[in-house]
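Structure first, commentary second.
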Amino acid sequence: MGKVVGIDLGTTNSLVAYVKDGRPVVIRDDSGDGLVPSVVSVGAGGTIFVGREAQRRLLTEPGSTVYSVKRFMGRGIEDVHEDASLFPFSVGGEKGGVVRIGIAGREFTPPEISAFVLRELKRRAEDHFREEGEFDFEVDRAVITVPAYFNDAQRTATRDAGRLAGLEVLRIINEPTAASLAYGLDKRNRGTIAVYDLGGGTFDISILKVEDGVFQVLATNGDTHLGGDDIDRLLVEGVLDEIAGSAPRNPAYETEGEGRVPRSGPAALIQAIRKAVIQAKLDLSEVEEAEIRVESTTGLPAGYSRRMTRADFERIIMPLVERTLGPCRQALADAGLEAKDIDEAVLVGGSTRIPLVRRVVEELFGRKPHSDLNPDEVVALGAAVQADILISGRREMLLLDVTPLSLGIETMGGVMSKIILRNSTIPASGREMFTSFADNQTAVDVHVLQGERELASDCRSLARFRLRGIPPMPAGMPRIEVRFQIDANGILSVSARELRTSIEQTIEVKPSYGLTDQEVERMLIDSFEHAEADFEARLLIEARNEAETVILATEKALRRSDFEQIAAESLDPGERAQIESALGDARRVIADDDREQIQQKTEALNQATRHLAEVVMNRSVREALAGKNVKDV
Amino acid sequence: MTPDPIPLRSASTLECRNCGAGAPVDEHFCPQCNRILALGRYGDFFAFLGVPRKLSLDPQDLERRFRDLSRKFHPDYFYNAAPAERLASLERSSYLNDAYRTLRNPAARIEHLLAIEGLPPAKSDEGSVKVPPALLEEVFALNEELDEIRELRESGGDEAQLRARLDRARAPIERKRDEHERRIQELSARYDSQADASPAQRKNTLEALREQLLEQKYISNLLATIEHEQSQITNSKSQMNHG
């Protein structure tokens, strides 16, 4: 058996963690970075880039680079129509079916894109275990987290992504619950906790009761379409607005509806603006005023710059932050509690670094929220803990989660009839009786829904299936019991029996917004066929990382305050020019997809700086010794 | 309740799928081989949780039983078990969750008791179609008042005034609710004390409880309507502010 990990598959960033000597730890790269940007890019020849590398390509290859794919998981094109226009990649698919993302002449479903991210995390973990000297370093099983408010289709899509990445998904757990598990490790005390999780693309609130190591979720609520992404989008739209207002009309902007609301622009421009506003957003969590600065680019030759105060920023994002309050109140009400009953509030997700968000949470619960654990990492840590519980069978801790949305079926007149209510502890099951409307009718159609609205058309369509093989009987005679089972992952399965005859009914469930098993199989085969291109991508990334390390080290040496002195004392004439020329070469090729070029230029730069490196090293050693002598005296 | 799908040896024992031993129907684990048993029967949440069939239950005791059984059944702990045991764990956990959810809530507890005692369910749609005679007067007055408030709201009436009227309209309904609450508690206590009474007497108590439950649901619907109207007032106000 291979290794087991916990994975936080985020909208913006993903992480992998595991339990080492009883403690969960995040697996980091060589530079200590635990975050893998959830970005996937397709290069020339079908090479797949994931993470930081793909993130860089957002600016250079926006049309073939996918980000925030989590927003599309388990959704149909009609759900994401509004979003799709702002994304620089093409988002399509048939109405009532899975979203298809078109990049670089290939078409991917969201689970396939997510699988690339998962595969990268799997590889990162395997590298780590190999380096640790583990003989059995293969990672074959994982607990993957999802927003608590994810519906069945979104959970299933996440599980499919795991399968596509070659992982057995031990369990899908909810992000806020995972966070509470990580927080609850040390304090086995009892109490009522509110976990406020505002991430890149989703918002969750979960109210938990912790007692005797049982983490029982009382209620959960949220919005799977609310997060840092929306803040970025508001800011991007603001910038586009200003540009369109000040510049002569650019045909690249389409106006939609009433008013002057530019909805799209050249992909590279949108990415450049997005990068700039994200930087400003991050800065404004630290300082009172920041600059949004977009360099000159296609569609914006003059560039763009604007100062923004924290007060401006807060005014812009206030409506979004306020949208989190409704779900919080609903969750409290569903848990039968008031804000004052909450003993601790915990912050999760990168967007909770925003001071305004903290203030709003503090006001709501009347207490300072906890954020002792890194809000970016706490979910992955909890996932690792849950993975450990599952494989070890240890019973000190137990998560009891709930299903976020009611489950039901469409009945006469298009009404939603609820079978399992929201906030029911999972696993949960429900039964419903069906019968026939005509004599000798042998099949009945069933439409499974999820949601809180009265009308079936306002709820999420999960699946349609046909009960077949009903024994021929007069109308109304058959008694078919359909059993709905939501497992501990929050995923539904359906079975049926005719009670008079005890005949088990065949059910073919056609997921409304998911992949069939056959589709997943086919994708698995496809992914093997592309394994070679992926391997090549890996090598390219490694070459580029190596080049970057050497370039950074060289630049650092050249910037030393004593560099002029070193050059005069120790370098040969012309050596400095050689170094600078080699450095220029390396910088020029690093962004290209030509691995051999990158490796050659890196090696040349290595050669050119070997002597300089020795000189610098010797000086450092001398200085260190000198310092020591002084101290010793 | 639907018939159960598990082959029972008799009305009171079921068969362990692992070792074939017979087990009392309300046991969770086989007394012979200790494996988790397939769910024996549907229907009696009281027996499943091991509490007496009474309407007054200690919530703390109930919660402790729920946690203890969760730790015994939860699928987390059967990850490496045989498929039959995994299924049994899933079934028992689901059933436990349903049982706890039902018994924890006093109204749902009464309904469950009605069901296992063979009385028709106190269906909510039954209540919403026909106004219970005991509530006719209040319902009539409330509907009239709500109509007027709605009209005023739509023509942009003063918010504070609307709220005050709504609060006044709510008061008698809330009084009714409290009255019903007390009555239900009395009847529940009576049922609990009738352990040795005749079946007819107990049935009488249950019938009365059922009646009260129906009316209580109707009252809840009325309060929800008032709640809805209140949010409408808030909405129309915020629309004006942002518009």
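Labeling convention for the structure tokens: chains A, B, ... as they appear, residues from 1 per chain, ligands from 1 in order of appearance.
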> Near region 222-226 of chain B, counting only C-alpha atoms, which residues have an atom at most 10 Å away, once you skip same-chain residues fewer than 5 positions from it, shown as a PyMOL selection string?
Replying inline: chain B and resi 128+138-139+142-143+146+166-167+169-170+173-174+177+216-217+231-232
>> Residues of chain B were defined as contacting chain A if any atom lay at most 6 Å from it, counting only C-alpha atoms; please report them as a ChimeraX atom specification.
In response: /B:76-77,94,97
Include C-alpha atoms and write out the residues we just selected as a compact mmCIF listing (two decimals), in the first residue's frame.
```
# COMPACT_ATOMS: atom_id res chain seq x y z
CA ASP B 76 -14.84 6.01 9.04
CA TYR B 77 -14.11 3.01 11.21
CA SER B 94 -27.82 6.67 8.51
CA ASN B 97 -28.69 10.02 12.39
```
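Between CA of Gly574 (chain A) and CA of Lys601 (chain A) lies a distance of 18.8 Å.
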> Any idea what's packed within 7 Å of region 182-196 of chain B, counting only C-alpha atoms, ignoring anything in its chain fewer than 5 positions away? Could you give it as a list in words?
Replying inline: Lys54, Leu55, Arg202, Thr205, Leu209 and Gln212 of chain B
Put those residues in a file: C-alpha atoms, as a PDB file, in the first residue's frame.
```
ATOM      1  CA  LYS B  54     -41.607   8.233  26.317  1.00  0.00           C
ATOM      2  CA  LEU B  55     -42.173  11.785  25.227  1.00  0.00           C
ATOM      3  CA  ARG B 202     -53.413   5.982  25.637  1.00  0.00           C
ATOM      4  CA  THR B 205     -54.046  10.963  24.525  1.00  0.00           C
ATOM      5  CA  LEU B 209     -51.629  15.192  20.704  1.00  0.00           C
ATOM      6  CA  GLN B 212     -52.532  19.857  18.803  1.00  0.00           C
TER       7      GLN B 212
END
```
> Could you name the residues that touch Glu363 (chain A) at 12 Å or less, counting only C-alpha atoms, but leaving out those on the same chain fewer than 3 positions away, as a count of residues only?
Replying inline: 14
> By how many Å are CA of Ile27 (chain A) and CA of Ser180 (chain A) apart?
Replying inline: 19.9 Å
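Close contacts of Arg453 (chain A), defined as residues with an atom at most 10 Å away when counting only C-alpha atoms, with chain neighbours fewer than 4 positions off set aside, comprise Ser406, Val415, Met416, Ser417, Lys418, Ser457, Asp458, Cys459 and Arg460 of chain A.
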Counting only C-alpha atoms, what is within 10 Å of Arg165 (chain B), bar same-chain residues fewer than 6 positions away, as a short mmCIF file (atom, residue, chain, number, x, y, z; two decimals) with C-alpha atoms, in the first residue's frame?
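Output contents, as saved in out-v4.cif:
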```cif
data_model
loop_
_atom_site.label_atom_id
_atom_site.label_comp_id
_atom_site.auth_asym_id
_atom_site.auth_seq_id
_atom_site.Cartn_x
_atom_site.Cartn_y
_atom_site.Cartn_z
CA GLU B 145 -54.42 42.88 8.83
CA LEU B 146 -51.74 41.39 6.53
CA GLU B 148 -53.78 46.03 4.71
CA ILE B 149 -50.09 46.04 5.61
CA GLU B 159 -41.65 51.55 7.66
#
```
> Neighbours of region 551-568 of chain A within 8 Å (only C-alpha atoms; same-chain residues fewer than 6 positions away dropped), as a list of chain:residue names?
Replying inline: A:Arg576, A:Leu583, A:Ala586, A:Arg587, A:Leu605, A:Thr609, A:Val615, A:Val616
Residues from the last selection, C-alpha atoms, saved as a tab-separated table (two decimals), in the first residue's frame:
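Below is the file selection14.tsv, written as the result:
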```
chain	number	residue	atom	x	y	z
A	576	ARG	CA	32.18	41.16	-15.66
A	583	LEU	CA	22.92	36.59	-17.62
A	586	ALA	CA	19.61	33.19	-19.72
A	587	ARG	CA	16.95	35.80	-19.00
A	605	LEU	CA	25.81	31.31	-16.86
A	609	THR	CA	29.92	32.97	-12.65
A	615	VAL	CA	35.37	34.97	-4.62
A	616	VAL	CA	32.09	35.92	-2.96
```
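Inside region 112-148 of chain B, the residues DSSP reads as helix (DSSP H, G or I) when given the backbone are His112, Leu113, Leu114, Ala115, Ile116, Ser124, Asp125, Glu126, Gly127, Ser128, Val129, Pro133, Ala134, Leu135, Leu136, Glu137, Glu138, Val139, Phe140, Ala141, Leu142, Asn143, Glu144, Glu145, Leu146, Asp147 and Glu148 of chain B.
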Would you put the residues from that selection into a file with C-alpha atoms, as an mmCIF file, in the first residue's frame?
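File written: result19.cif
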```
data_model
loop_
_atom_site.group_PDB
_atom_site.id
_atom_site.type_symbol
_atom_site.label_atom_id
_atom_site.label_comp_id
_atom_site.auth_asym_id
_atom_site.auth_seq_id
_atom_site.Cartn_x
_atom_site.Cartn_y
_atom_site.Cartn_z
ATOM 1 C CA HIS B 112 -42.667 9.308 15.361
ATOM 2 C CA LEU B 113 -44.568 7.984 18.329
ATOM 3 C CA LEU B 114 -47.853 8.454 16.458
ATOM 4 C CA ALA B 115 -46.403 6.478 13.551
ATOM 5 C CA ILE B 116 -45.150 3.519 15.573
ATOM 6 C CA SER B 124 -48.692 19.673 7.412
ATOM 7 C CA ASP B 125 -50.534 20.072 4.101
ATOM 8 C CA GLU B 126 -53.641 18.793 5.817
ATOM 9 C CA GLY B 127 -53.367 21.783 8.130
ATOM 10 C CA SER B 128 -52.652 24.406 5.515
ATOM 11 C CA VAL B 129 -55.641 23.481 3.384
ATOM 12 C CA PRO B 133 -61.632 25.338 13.860
ATOM 13 C CA ALA B 134 -59.847 26.370 17.054
ATOM 14 C CA LEU B 135 -57.874 28.985 15.121
ATOM 15 C CA LEU B 136 -60.570 30.409 12.838
ATOM 16 C CA GLU B 137 -60.926 33.692 14.668
ATOM 17 C CA GLU B 138 -57.202 34.496 14.832
ATOM 18 C CA VAL B 139 -56.568 33.494 11.236
ATOM 19 C CA PHE B 140 -59.358 35.687 9.976
ATOM 20 C CA ALA B 141 -58.107 38.746 11.849
ATOM 21 C CA LEU B 142 -54.512 38.165 10.815
ATOM 22 C CA ASN B 143 -55.268 37.784 7.119
ATOM 23 C CA GLU B 144 -57.216 41.001 7.104
ATOM 24 C CA GLU B 145 -54.415 42.878 8.827
ATOM 25 C CA LEU B 146 -51.743 41.393 6.531
ATOM 26 C CA ASP B 147 -53.680 42.476 3.451
ATOM 27 C CA GLU B 148 -53.785 46.031 4.706
#
```
> Distance CA of Val321 (chain A)-CA of Val36 (chain A), one decimal place?
Replying inline: 26.1 Å
